[in-house]
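What follows is the content of work35.cif (mmCIF, C-alpha atoms and all ligand atoms).
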data_structure
loop_
_atom_site.group_PDB
_atom_site.id
_atom_site.type_symbol
_atom_site.label_atom_id
_atom_site.label_comp_id
_atom_site.auth_asym_id
_atom_site.auth_seq_id
_atom_site.Cartn_x
_atom_site.Cartn_y
_atom_site.Cartn_z
ATOM 1 C CA MET A 1 2.191 5.134 60.792
ATOM 2 C CA ARG A 2 -0.322 7.967 61.118
ATOM 3 C CA LYS A 3 0.714 10.711 63.522
ATOM 4 C CA PRO A 4 -2.261 11.652 65.719
ATOM 5 C CA LEU A 5 -3.703 15.142 65.407
ATOM 6 C CA ILE A 6 -5.602 16.893 68.180
ATOM 7 C CA ALA A 7 -7.408 19.979 66.898
ATOM 8 C CA GLY A 8 -9.283 22.535 68.972
ATOM 9 C CA ASN A 9 -12.232 24.259 67.330
ATOM 10 C CA TRP A 10 -12.871 27.393 69.365
ATOM 11 C CA LYS A 11 -15.979 28.244 67.308
ATOM 12 C CA LEU A 12 -17.437 31.693 68.026
ATOM 13 C CA HIS A 13 -15.794 32.072 71.423
ATOM 14 C CA LYS A 14 -13.064 34.143 73.047
ATOM 15 C CA THR A 15 -12.179 37.811 72.768
ATOM 16 C CA LEU A 16 -8.676 38.820 71.742
ATOM 17 C CA SER A 17 -7.396 38.883 75.295
ATOM 18 C CA GLU A 18 -9.098 35.580 76.117
ATOM 19 C CA SER A 19 -7.684 34.004 72.953
ATOM 20 C CA ARG A 20 -4.206 35.240 73.833
ATOM 21 C CA ALA A 21 -4.507 33.825 77.365
ATOM 22 C CA LEU A 22 -5.796 30.448 76.170
ATOM 23 C CA ALA A 23 -3.060 30.167 73.537
ATOM 24 C CA ALA A 24 -0.383 31.161 76.070
ATOM 25 C CA GLY A 25 -1.717 28.570 78.536
ATOM 26 C CA LEU A 26 -1.481 25.861 75.891
ATOM 27 C CA ALA A 27 1.984 26.973 74.742
ATOM 28 C CA ASP A 28 3.243 26.864 78.341
ATOM 29 C CA ASN A 29 2.018 23.333 78.872
ATOM 30 C CA LEU A 30 2.427 21.609 75.519
ATOM 31 C CA SER A 31 5.858 22.783 74.382
ATOM 32 C CA ASP A 32 7.390 19.301 74.792
ATOM 33 C CA VAL A 33 4.827 17.347 72.788
ATOM 34 C CA THR A 34 6.362 15.848 69.665
ATOM 35 C CA ASP A 35 4.419 12.632 69.068
ATOM 36 C CA VAL A 36 1.080 14.359 68.372
ATOM 37 C CA ASP A 37 0.290 17.224 66.010
ATOM 38 C CA ILE A 38 -1.718 19.955 67.739
ATOM 39 C CA LEU A 39 -3.663 22.839 66.298
ATOM 40 C CA VAL A 40 -6.226 25.385 67.407
ATOM 41 C CA ALA A 41 -8.782 27.251 65.326
ATOM 42 C CA PRO A 42 -9.698 30.667 66.748
ATOM 43 C CA VAL A 43 -12.115 33.162 65.187
ATOM 44 C CA PHE A 44 -10.710 35.091 62.205
ATOM 45 C CA THR A 45 -10.116 38.263 64.236
ATOM 46 C CA ALA A 46 -7.931 36.402 66.736
ATOM 47 C CA ILE A 47 -5.778 34.475 64.255
ATOM 48 C CA SER A 48 -2.815 36.868 64.266
ATOM 49 C CA THR A 49 -2.922 37.231 68.042
ATOM 50 C CA VAL A 50 -2.947 33.463 68.500
ATOM 51 C CA VAL A 51 -0.189 32.954 65.904
ATOM 52 C CA ASP A 52 1.958 35.403 67.907
ATOM 53 C CA ALA A 53 1.142 33.767 71.236
ATOM 54 C CA LEU A 54 2.061 30.319 69.857
ATOM 55 C CA GLN A 55 5.345 31.452 68.282
ATOM 56 C CA GLY A 56 8.011 28.852 69.106
ATOM 57 C CA SER A 57 5.475 26.272 70.327
ATOM 58 C CA PRO A 58 4.558 23.102 68.421
ATOM 59 C CA ILE A 59 0.919 24.235 68.193
ATOM 60 C CA ALA A 60 -0.312 25.212 64.723
ATOM 61 C CA VAL A 61 -3.170 27.543 63.886
ATOM 62 C CA ALA A 62 -6.164 26.822 61.657
ATOM 63 C CA ALA A 63 -9.107 28.866 60.441
ATOM 64 C CA GLN A 64 -12.710 27.729 60.856
ATOM 65 C CA ASN A 65 -13.779 28.553 57.309
ATOM 66 C CA CYS A 66 -12.593 30.136 54.062
ATOM 67 C CA TYR A 67 -13.893 31.394 50.739
ATOM 68 C CA PRO A 68 -13.231 29.306 47.613
ATOM 69 C CA GLN A 69 -11.371 32.109 45.772
ATOM 70 C CA GLN A 70 -7.998 33.619 46.627
ATOM 71 C CA THR A 71 -8.635 37.308 45.830
ATOM 72 C CA GLY A 72 -11.235 39.428 44.103
ATOM 73 C CA ALA A 73 -14.529 41.216 44.545
ATOM 74 C CA TYR A 74 -15.917 39.018 47.344
ATOM 75 C CA THR A 75 -16.952 41.455 50.050
ATOM 76 C CA GLY A 76 -16.737 40.070 53.551
ATOM 77 C CA GLU A 77 -14.872 36.888 52.671
ATOM 78 C CA VAL A 78 -11.447 35.540 53.682
ATOM 79 C CA SER A 79 -9.344 33.405 51.348
ATOM 80 C CA PRO A 80 -6.937 30.533 51.991
ATOM 81 C CA LEU A 81 -4.138 32.665 50.537
ATOM 82 C CA LEU A 82 -4.704 35.353 53.183
ATOM 83 C CA LEU A 83 -5.107 32.764 55.937
ATOM 84 C CA GLN A 84 -1.790 31.281 54.926
ATOM 85 C CA ASP A 85 -0.298 34.785 54.967
ATOM 86 C CA ALA A 86 -1.698 35.304 58.480
ATOM 87 C CA GLY A 87 0.066 32.191 59.755
ATOM 88 C CA CYS A 88 -2.540 29.437 59.365
ATOM 89 C CA SER A 89 -1.575 25.991 58.158
ATOM 90 C CA ALA A 90 -5.048 24.428 58.003
ATOM 91 C CA VAL A 91 -8.721 25.256 57.572
ATOM 92 C CA ILE A 92 -11.772 23.477 58.981
ATOM 93 C CA ILE A 93 -14.168 23.017 56.063
ATOM 94 C CA GLY A 94 -17.781 21.888 55.922
ATOM 95 C CA HIS A 95 -18.433 21.844 59.653
ATOM 96 C CA SER A 96 -21.992 20.627 60.286
ATOM 97 C CA GLU A 97 -22.870 23.984 61.830
ATOM 98 C CA ARG A 98 -22.066 25.606 58.489
ATOM 99 C CA ARG A 99 -23.795 22.879 56.491
ATOM 100 C CA GLN A 100 -26.917 23.370 58.609
ATOM 101 C CA LEU A 101 -26.967 27.095 59.423
ATOM 102 C CA LEU A 102 -25.446 28.410 56.181
ATOM 103 C CA ASN A 103 -26.656 25.701 53.786
ATOM 104 C CA GLU A 104 -23.165 24.765 52.670
ATOM 105 C CA THR A 105 -23.337 22.104 49.972
ATOM 106 C CA ASN A 106 -20.854 19.406 49.014
ATOM 107 C CA THR A 107 -20.124 21.378 45.845
ATOM 108 C CA LEU A 108 -19.137 24.510 47.753
ATOM 109 C CA ILE A 109 -17.203 22.457 50.285
ATOM 110 C CA ASN A 110 -15.292 20.722 47.488
ATOM 111 C CA GLN A 111 -14.364 24.121 46.011
ATOM 112 C CA LYS A 112 -13.099 25.247 49.424
ATOM 113 C CA VAL A 113 -11.052 22.067 49.832
ATOM 114 C CA ARG A 114 -9.410 22.633 46.447
ATOM 115 C CA THR A 115 -8.743 26.329 47.086
ATOM 116 C CA CYS A 116 -7.088 25.451 50.392
ATOM 117 C CA LEU A 117 -4.871 22.858 48.754
ATOM 118 C CA ASP A 118 -3.889 25.399 46.099
ATOM 119 C CA ALA A 119 -2.751 27.773 48.865
ATOM 120 C CA GLY A 120 -0.735 25.024 50.560
ATOM 121 C CA LEU A 121 -3.126 24.671 53.500
ATOM 122 C CA THR A 122 -4.430 21.433 54.985
ATOM 123 C CA PRO A 123 -8.195 21.130 54.608
ATOM 124 C CA ILE A 124 -9.920 19.460 57.562
ATOM 125 C CA LEU A 125 -13.027 18.163 55.844
ATOM 126 C CA CYS A 126 -15.894 17.612 58.294
ATOM 127 C CA ILE A 127 -18.560 15.026 57.617
ATOM 128 C CA GLY A 128 -21.225 13.369 59.743
ATOM 129 C CA GLU A 129 -24.816 12.192 59.865
ATOM 130 C CA THR A 130 -27.725 13.652 61.827
ATOM 131 C CA LEU A 131 -29.598 11.555 64.386
ATOM 132 C CA GLU A 132 -32.531 11.275 62.024
ATOM 133 C CA GLN A 133 -30.302 9.967 59.238
ATOM 134 C CA ARG A 134 -28.717 7.444 61.609
ATOM 135 C CA ASN A 135 -32.115 6.278 62.850
ATOM 136 C CA ASN A 136 -33.324 5.908 59.259
ATOM 137 C CA ASP A 137 -30.298 3.746 58.416
ATOM 138 C CA GLU A 138 -28.989 6.413 56.053
ATOM 139 C CA MET A 139 -25.680 6.939 57.811
ATOM 140 C CA LEU A 140 -23.434 5.134 55.334
ATOM 141 C CA GLU A 141 -25.136 6.753 52.379
ATOM 142 C CA VAL A 142 -24.709 10.228 53.924
ATOM 143 C CA LEU A 143 -21.060 9.637 54.783
ATOM 144 C CA ALA A 144 -20.341 8.266 51.308
ATOM 145 C CA ASP A 145 -22.024 11.267 49.736
ATOM 146 C CA GLN A 146 -20.099 13.755 51.895
ATOM 147 C CA VAL A 147 -16.723 12.051 51.407
ATOM 148 C CA THR A 148 -17.182 11.733 47.658
ATOM 149 C CA GLY A 149 -18.711 15.198 47.318
ATOM 150 C CA GLY A 150 -15.937 16.812 49.341
ATOM 151 C CA LEU A 151 -13.099 15.044 47.536
ATOM 152 C CA ILE A 152 -14.434 14.898 43.988
ATOM 153 C CA ASP A 153 -11.923 15.713 41.235
ATOM 154 C CA LEU A 154 -8.974 15.596 43.634
ATOM 155 C CA THR A 155 -5.930 13.603 42.583
ATOM 156 C CA PRO A 156 -4.718 10.878 44.968
ATOM 157 C CA GLU A 157 -1.794 13.182 45.843
ATOM 158 C CA GLN A 158 -4.259 15.911 46.834
ATOM 159 C CA ILE A 159 -6.409 13.481 48.837
ATOM 160 C CA GLN A 160 -3.266 12.553 50.727
ATOM 161 C CA ARG A 161 -3.073 16.130 52.042
ATOM 162 C CA VAL A 162 -6.640 16.221 53.376
ATOM 163 C CA VAL A 163 -7.604 15.421 56.977
ATOM 164 C CA ILE A 164 -11.122 14.052 57.464
ATOM 165 C CA ALA A 165 -13.107 14.761 60.641
ATOM 166 C CA TYR A 166 -16.017 12.428 61.320
ATOM 167 C CA GLU A 167 -18.409 14.370 63.535
ATOM 168 C CA PRO A 168 -21.826 12.784 64.055
ATOM 169 C CA VAL A 169 -24.118 15.809 64.303
ATOM 170 C CA TRP A 170 -26.011 14.296 67.252
ATOM 171 C CA ALA A 171 -22.776 14.197 69.270
ATOM 172 C CA ILE A 172 -21.678 17.809 68.704
ATOM 173 C CA GLY A 173 -22.071 19.982 71.766
ATOM 174 C CA THR A 174 -24.599 17.570 73.236
ATOM 175 C CA GLY A 175 -22.463 15.706 75.724
ATOM 176 C CA VAL A 176 -23.479 12.488 73.934
ATOM 177 C CA THR A 177 -20.467 10.825 72.329
ATOM 178 C CA ALA A 178 -20.485 8.019 69.800
ATOM 179 C CA THR A 179 -19.380 4.824 71.498
ATOM 180 C CA ASP A 180 -15.884 3.646 70.649
ATOM 181 C CA ASP A 181 -17.369 0.955 68.402
ATOM 182 C CA GLN A 182 -19.796 3.296 66.633
ATOM 183 C CA ALA A 183 -16.974 5.718 65.899
ATOM 184 C CA GLN A 184 -14.590 2.958 64.761
ATOM 185 C CA ASP A 185 -17.225 1.508 62.408
ATOM 186 C CA ALA A 186 -17.780 4.911 60.787
ATOM 187 C CA HIS A 187 -14.038 5.583 60.510
ATOM 188 C CA SER A 188 -13.341 2.224 58.930
ATOM 189 C CA PHE A 189 -16.129 2.827 56.402
ATOM 190 C CA ILE A 190 -14.698 6.289 55.610
ATOM 191 C CA ARG A 191 -11.220 4.848 55.099
ATOM 192 C CA GLY A 192 -12.699 2.362 52.665
ATOM 193 C CA MET A 193 -14.339 5.220 50.778
ATOM 194 C CA ILE A 194 -11.027 7.080 50.595
ATOM 195 C CA GLN A 195 -9.367 3.963 49.258
ATOM 196 C CA GLY A 196 -11.986 3.822 46.514
ATOM 197 C CA LEU A 197 -11.224 7.445 45.603
ATOM 198 C CA SER A 198 -7.429 7.028 45.721
ATOM 199 C CA ASN A 199 -5.600 3.846 46.574
ATOM 200 C CA GLN A 200 -4.759 1.550 49.474
ATOM 201 C CA GLU A 201 -1.548 3.343 50.406
ATOM 202 C CA ILE A 202 -3.122 6.790 50.530
ATOM 203 C CA ALA A 203 -6.140 5.529 52.471
ATOM 204 C CA ALA A 204 -3.818 3.872 54.982
ATOM 205 C CA GLY A 205 -1.973 7.162 55.491
ATOM 206 C CA CYS A 206 -5.037 9.419 55.694
ATOM 207 C CA ARG A 207 -5.810 10.884 59.108
ATOM 208 C CA ILE A 208 -9.436 10.595 60.196
ATOM 209 C CA LEU A 209 -10.317 12.550 63.344
ATOM 210 C CA TYR A 210 -13.348 11.935 65.529
ATOM 211 C CA GLY A 211 -15.335 14.919 66.795
ATOM 212 C CA GLY A 212 -18.411 15.309 68.946
ATOM 213 C CA SER A 213 -18.265 15.821 72.712
ATOM 214 C CA VAL A 214 -14.679 14.603 73.010
ATOM 215 C CA LYS A 215 -13.666 15.102 76.653
ATOM 216 C CA PRO A 216 -10.808 14.075 78.940
ATOM 217 C CA ASP A 217 -12.862 11.111 80.150
ATOM 218 C CA ASN A 218 -13.700 9.583 76.763
ATOM 219 C CA VAL A 219 -10.690 10.450 74.599
ATOM 220 C CA ASP A 220 -8.607 7.411 75.598
ATOM 221 C CA GLY A 221 -11.188 4.872 74.446
ATOM 222 C CA LEU A 222 -11.883 6.676 71.194
ATOM 223 C CA LEU A 223 -8.245 7.150 70.244
ATOM 224 C CA ALA A 224 -7.458 3.524 71.037
ATOM 225 C CA GLN A 225 -9.542 2.521 67.996
ATOM 226 C CA ASP A 226 -7.592 1.398 64.932
ATOM 227 C CA ASP A 227 -9.016 3.946 62.524
ATOM 228 C CA ILE A 228 -9.302 6.966 64.849
ATOM 229 C CA ASP A 229 -6.268 9.165 64.356
ATOM 230 C CA GLY A 230 -7.099 12.128 66.524
ATOM 231 C CA ALA A 231 -9.874 14.412 67.633
ATOM 232 C CA LEU A 232 -11.586 17.625 66.632
ATOM 233 C CA VAL A 233 -12.531 19.115 69.974
ATOM 234 C CA GLY A 234 -15.048 21.901 70.519
ATOM 235 C CA GLY A 235 -16.169 22.702 74.055
ATOM 236 C CA ALA A 236 -13.269 20.977 75.806
ATOM 237 C CA SER A 237 -10.737 22.921 73.718
ATOM 238 C CA LEU A 238 -11.754 26.138 75.474
ATOM 239 C CA LYS A 239 -10.303 25.000 78.798
ATOM 240 C CA VAL A 240 -6.536 24.724 79.103
ATOM 241 C CA GLU A 241 -6.562 21.762 81.471
ATOM 242 C CA ASP A 242 -9.103 19.763 79.451
ATOM 243 C CA PHE A 243 -7.315 20.305 76.153
ATOM 244 C CA ILE A 244 -3.956 19.408 77.687
ATOM 245 C CA ARG A 245 -5.408 16.183 79.054
ATOM 246 C CA ILE A 246 -6.858 15.356 75.636
ATOM 247 C CA VAL A 247 -3.479 15.936 73.962
ATOM 248 C CA HIS A 248 -2.024 13.586 76.580
ATOM 249 C CA PHE A 249 -4.469 10.818 75.675
ATOM 250 C CA LYS A 250 -3.314 7.325 76.647
ATOM 251 C CA ARG A 251 -0.757 6.099 74.078
HETATM 252 P P1 LIG B 1 -17.903 19.579 70.725
HETATM 253 O O1 LIG B 1 -17.712 20.177 69.258
HETATM 254 O O2 LIG B 1 -16.600 18.948 71.138
HETATM 255 O O3 LIG B 1 -18.271 20.759 71.588
HETATM 256 O O4 LIG B 1 -19.006 18.574 70.656
HETATM 257 C C1 LIG B 1 -16.959 19.509 68.279
HETATM 258 C C2 LIG B 1 -17.020 20.244 66.976
HETATM 259 O O5 LIG B 1 -18.082 20.781 66.642
HETATM 260 O O6 LIG B 1 -16.006 20.328 66.244
#
Please rewrite the model in this file as structure tokens.
Ligand code: PGA
Amino acid sequence: MRKPLIAGNWKLHKTLSESRALAAGLADNLSDVTDVDILVAPVFTAISTVVDALQGSPIAVAAQNCYPQQTGAYTGEVSPLLLQDAGCSAVIIGHSERRQLLNETNTLINQKVRTCLDAGLTPILCIGETLEQRNNDEMLEVLADQVTGGLIDLTPEQIQRVVIAYEPVWAIGTGVTATDDQAQDAHSFIRGMIQGLSNQEIAAGCRILYGGSVKPDNVDGLLAQDDIDGALVGGASLKVEDFIRIVHFKR
């Protein structure tokens, strides 16, 4: 049985005081949730504040990025080791905004995934096709390339510790969501890919989140799909009531 995971990606939003208030609002309302894993990913500067505000709550904290080295002469970077030290348990890696705006490649993303695993953090590996790729019938090829590229050289035991987030680029921040069937088809394909890279048991246990305009009014249908094990939520994770409703998706 895969335990669902609802993750909030706050992106480049919220000051320290706003982050503290949002985290406190979530902690107040989600303290009883035990059947879903919950995490939020604030900006680097707010991580410690949010870790403090969520003390004693079931909500974990993730970072939105990391550098693929633990320490050294890498001015301006933040490592998984230091994120772990700051109270993070996971890192979002390879988000499409970083692939597009910062030219992150599968090779770099794979190094980040491995550095996170080395520091005991859960990598949340983001993959997804653009609208152009989908329209050109390249979706499966792109997803296969991103899954393989992100997980290359990992042992099955390491793959077991990775969470995948399928986020079609055309659905991120657009208000357009993949239909339940479109998302399920992609997730089932991704699970097949993971099986090819590990084995049936590990693929069956791997959590694959859907992301891209997940809202209170579409989460139930998406999470009812066999291969959708949770959500990576952007915009709707910035509002306490919306995120709470998403965590309380229909079981
Ligand atoms: P969105 O973002 O929910 O605002 O579409 C999701 C994401 O980018 O992780």
Please identify all polymer residues within 7 Å of region 228-243 of chain A, counting all atoms listed in the file, omitting same-chain residues fewer than 6 positions from it, and present them as a PDB file with C-alpha atoms, in the coordinates of the input.
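Dumped to around_29.pdb:
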ATOM      1  CA  ARG A   2      -0.322   7.967  61.118  1.00  0.00           C
ATOM      2  CA  PRO A   4      -2.261  11.652  65.719  1.00  0.00           C
ATOM      3  CA  LEU A   5      -3.703  15.142  65.407  1.00  0.00           C
ATOM      4  CA  ILE A   6      -5.602  16.893  68.180  1.00  0.00           C
ATOM      5  CA  ALA A   7      -7.408  19.979  66.898  1.00  0.00           C
ATOM      6  CA  GLY A   8      -9.283  22.535  68.972  1.00  0.00           C
ATOM      7  CA  ASN A   9     -12.232  24.259  67.330  1.00  0.00           C
ATOM      8  CA  TRP A  10     -12.871  27.393  69.365  1.00  0.00           C
ATOM      9  CA  LEU A  22      -5.796  30.448  76.170  1.00  0.00           C
ATOM     10  CA  GLY A  25      -1.717  28.570  78.536  1.00  0.00           C
ATOM     11  CA  LEU A  26      -1.481  25.861  75.891  1.00  0.00           C
ATOM     12  CA  ALA A 165     -13.107  14.761  60.641  1.00  0.00           C
ATOM     13  CA  GLY A 173     -22.071  19.982  71.766  1.00  0.00           C
ATOM     14  CA  GLN A 184     -14.590   2.958  64.761  1.00  0.00           C
ATOM     15  CA  HIS A 187     -14.038   5.583  60.510  1.00  0.00           C
ATOM     16  CA  ARG A 207      -5.810  10.884  59.108  1.00  0.00           C
ATOM     17  CA  ILE A 208      -9.436  10.595  60.196  1.00  0.00           C
ATOM     18  CA  LEU A 209     -10.317  12.550  63.344  1.00  0.00           C
ATOM     19  CA  TYR A 210     -13.348  11.935  65.529  1.00  0.00           C
ATOM     20  CA  GLY A 211     -15.335  14.919  66.795  1.00  0.00           C
ATOM     21  CA  VAL A 214     -14.679  14.603  73.010  1.00  0.00           C
ATOM     22  CA  LYS A 215     -13.666  15.102  76.653  1.00  0.00           C
ATOM     23  CA  PRO A 216     -10.808  14.075  78.940  1.00  0.00           C
ATOM     24  CA  LEU A 222     -11.883   6.676  71.194  1.00  0.00           C
TER      25      LEU A 222
END
Suppose a student applies the PyMOL selection byres (((chain A and resi 167-170) around 9) and not hetatm) to this structure; what residues should they get, written as a PDB file with C-alpha atoms, in the coordinates of the input?
ATOM      1  CA  HIS A  95     -18.433  21.844  59.653  1.00  0.00           C
ATOM      2  CA  SER A  96     -21.992  20.627  60.286  1.00  0.00           C
ATOM      3  CA  GLU A  97     -22.870  23.984  61.830  1.00  0.00           C
ATOM      4  CA  CYS A 126     -15.894  17.612  58.294  1.00  0.00           C
ATOM      5  CA  ILE A 127     -18.560  15.026  57.617  1.00  0.00           C
ATOM      6  CA  GLY A 128     -21.225  13.369  59.743  1.00  0.00           C
ATOM      7  CA  GLU A 129     -24.816  12.192  59.865  1.00  0.00           C
ATOM      8  CA  THR A 130     -27.725  13.652  61.827  1.00  0.00           C
ATOM      9  CA  LEU A 131     -29.598  11.555  64.386  1.00  0.00           C
ATOM     10  CA  GLU A 132     -32.531  11.275  62.024  1.00  0.00           C
ATOM     11  CA  ALA A 165     -13.107  14.761  60.641  1.00  0.00           C
ATOM     12  CA  TYR A 166     -16.017  12.428  61.320  1.00  0.00           C
ATOM     13  CA  ALA A 171     -22.776  14.197  69.270  1.00  0.00           C
ATOM     14  CA  ILE A 172     -21.678  17.809  68.704  1.00  0.00           C
ATOM     15  CA  GLY A 173     -22.071  19.982  71.766  1.00  0.00           C
ATOM     16  CA  THR A 174     -24.599  17.570  73.236  1.00  0.00           C
ATOM     17  CA  VAL A 176     -23.479  12.488  73.934  1.00  0.00           C
ATOM     18  CA  THR A 177     -20.467  10.825  72.329  1.00  0.00           C
ATOM     19  CA  ALA A 178     -20.485   8.019  69.800  1.00  0.00           C
ATOM     20  CA  ALA A 183     -16.974   5.718  65.899  1.00  0.00           C
ATOM     21  CA  LEU A 209     -10.317  12.550  63.344  1.00  0.00           C
ATOM     22  CA  TYR A 210     -13.348  11.935  65.529  1.00  0.00           C
ATOM     23  CA  GLY A 211     -15.335  14.919  66.795  1.00  0.00           C
ATOM     24  CA  GLY A 212     -18.411  15.309  68.946  1.00  0.00           C
ATOM     25  CA  LEU A 232     -11.586  17.625  66.632  1.00  0.00           C
TER      26      LEU A 232
END
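Selection by the PyMOL selection byres (((chain A and resi 78) around 9) and not hetatm) on the present file picks out Phe44, Asn65, Cys66, Tyr67, Pro68, Gln69, Gln70, Thr71, Tyr74, Thr75, Gly76, Glu77, Ser79, Pro80, Leu81, Leu82 and Leu83 of chain A.
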How big is the axis-aligned box around all listed atoms of ligand LIG 1 (chain B) once 5 Å goes on each side, and where's its centre, in Å to one decimal, as JSON?
{"center_x": -17.5, "center_y": 19.7, "center_z": 68.9, "size_x": 13.0, "size_y": 12.2, "size_z": 15.3}
Note to self: What's the separation between CA of Leu197 (chain A) and CA of Gln146 (chain A), in Å to one decimal place?
What the structure shows: 12.6 Å
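The coordinates place CA of Ala144 (chain A) at 18.0 Å from CA of Gln100 (chain A).
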Next item on the list: Considering all atoms listed in the file, return as an MDAnalysis selection string whatever protein or nucleic-acid residues lie within 12 Å of Val50 (chain A), sequence-local ones (same chain, fewer than 3 positions apart) excluded.
Entry: chainID A and resid 10 14:27 39:47 53:57 59:63 86:88
Requested write-out: C-alpha atoms of the selected residues, as a PDB file, keeping the file's coordinate frame:
ATOM      1  CA  TRP A  10     -12.871  27.393  69.365  1.00  0.00           C
ATOM      2  CA  LYS A  14     -13.064  34.143  73.047  1.00  0.00           C
ATOM      3  CA  THR A  15     -12.179  37.811  72.768  1.00  0.00           C
ATOM      4  CA  LEU A  16      -8.676  38.820  71.742  1.00  0.00           C
ATOM      5  CA  SER A  17      -7.396  38.883  75.295  1.00  0.00           C
ATOM      6  CA  GLU A  18      -9.098  35.580  76.117  1.00  0.00           C
ATOM      7  CA  SER A  19      -7.684  34.004  72.953  1.00  0.00           C
ATOM      8  CA  ARG A  20      -4.206  35.240  73.833  1.00  0.00           C
ATOM      9  CA  ALA A  21      -4.507  33.825  77.365  1.00  0.00           C
ATOM     10  CA  LEU A  22      -5.796  30.448  76.170  1.00  0.00           C
ATOM     11  CA  ALA A  23      -3.060  30.167  73.537  1.00  0.00           C
ATOM     12  CA  ALA A  24      -0.383  31.161  76.070  1.00  0.00           C
ATOM     13  CA  GLY A  25      -1.717  28.570  78.536  1.00  0.00           C
ATOM     14  CA  LEU A  26      -1.481  25.861  75.891  1.00  0.00           C
ATOM     15  CA  ALA A  27       1.984  26.973  74.742  1.00  0.00           C
ATOM     16  CA  LEU A  39      -3.663  22.839  66.298  1.00  0.00           C
ATOM     17  CA  VAL A  40      -6.226  25.385  67.407  1.00  0.00           C
ATOM     18  CA  ALA A  41      -8.782  27.251  65.326  1.00  0.00           C
ATOM     19  CA  PRO A  42      -9.698  30.667  66.748  1.00  0.00           C
ATOM     20  CA  VAL A  43     -12.115  33.162  65.187  1.00  0.00           C
ATOM     21  CA  PHE A  44     -10.710  35.091  62.205  1.00  0.00           C
ATOM     22  CA  THR A  45     -10.116  38.263  64.236  1.00  0.00           C
ATOM     23  CA  ALA A  46      -7.931  36.402  66.736  1.00  0.00           C
ATOM     24  CA  ILE A  47      -5.778  34.475  64.255  1.00  0.00           C
ATOM     25  CA  ALA A  53       1.142  33.767  71.236  1.00  0.00           C
ATOM     26  CA  LEU A  54       2.061  30.319  69.857  1.00  0.00           C
ATOM     27  CA  GLN A  55       5.345  31.452  68.282  1.00  0.00           C
ATOM     28  CA  GLY A  56       8.011  28.852  69.106  1.00  0.00           C
ATOM     29  CA  SER A  57       5.475  26.272  70.327  1.00  0.00           C
ATOM     30  CA  ILE A  59       0.919  24.235  68.193  1.00  0.00           C
ATOM     31  CA  ALA A  60      -0.312  25.212  64.723  1.00  0.00           C
ATOM     32  CA  VAL A  61      -3.170  27.543  63.886  1.00  0.00           C
ATOM     33  CA  ALA A  62      -6.164  26.822  61.657  1.00  0.00           C
ATOM     34  CA  ALA A  63      -9.107  28.866  60.441  1.00  0.00           C
ATOM     35  CA  ALA A  86      -1.698  35.304  58.480  1.00  0.00           C
ATOM     36  CA  GLY A  87       0.066  32.191  59.755  1.00  0.00           C
ATOM     37  CA  CYS A  88      -2.540  29.437  59.365  1.00  0.00           C
TER      38      CYS A  88
END
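The residue set within 8 Å of Asn106 (chain A), counting all atoms listed in the file and dropping same-chain residues fewer than 5 places from it, reads Gly94, Gln146, Gly149 and Gly150 of chain A.
Shortest separation to ligand LIG 1 (chain B) among A:Ser31, A:Asp220, A:Lys3, A:Ile93 occurs at residue A:Ile93, atoms counted being all atoms listed in the file.
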Check: Interatomic distance between atom O3 of ligand LIG 1 (chain B) and CA of Pro58 (chain A)?
Finding: 23.2 Å
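Remark: for ligand LIG 1 (chain B), the closest of the candidate residues A:Arg161, A:His248, A:Arg99, A:Lys112 is A:Arg99 (distances computed over all atoms listed in the file).
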If the PyMOL selection byres (((chain A and resi 156) around 8) and not hetatm) were run on this exact file, what residues would it hold? Put them as a compact mmCIF listing (two decimals) with C-alpha atoms, in the coordinates of the input.
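Output below, filename out-v9.txt:
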# COMPACT_ATOMS: atom_id res chain seq x y z
CA LEU A 154 -8.97 15.60 43.63
CA THR A 155 -5.93 13.60 42.58
CA GLU A 157 -1.79 13.18 45.84
CA GLN A 158 -4.26 15.91 46.83
CA ILE A 159 -6.41 13.48 48.84
CA GLN A 160 -3.27 12.55 50.73
CA LEU A 197 -11.22 7.44 45.60
CA SER A 198 -7.43 7.03 45.72
CA ASN A 199 -5.60 3.85 46.57
CA ILE A 202 -3.12 6.79 50.53
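Here the question is which of A:Val147, A:Val142, A:Ile164, A:Cys206 gets nearest to ligand LIG 1 (chain B) using all atoms listed in the file, and that residue is A:Ile164.
The nearest approach to ligand LIG 1 (chain B) among the residues A:Leu125, A:Val162, A:Leu151, A:Ala186, with only C-alpha atoms and all ligand atoms taken into account, belongs to A:Leu125.
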Next item on the list: Give the answer as one residue: which of A:Ser213, A:Gln195, A:Val247, A:Glu141 has the shortest atom-to-atom distance to Asp32 (chain A), using all atoms listed in the file?
Entry: A:Val247
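Among the candidates A:Gln84, A:Thr49, A:Ser188, A:Gln64, the residue lying nearest to ligand LIG 1 (chain B) is A:Gln64 (atoms considered: only C-alpha atoms and all ligand atoms).
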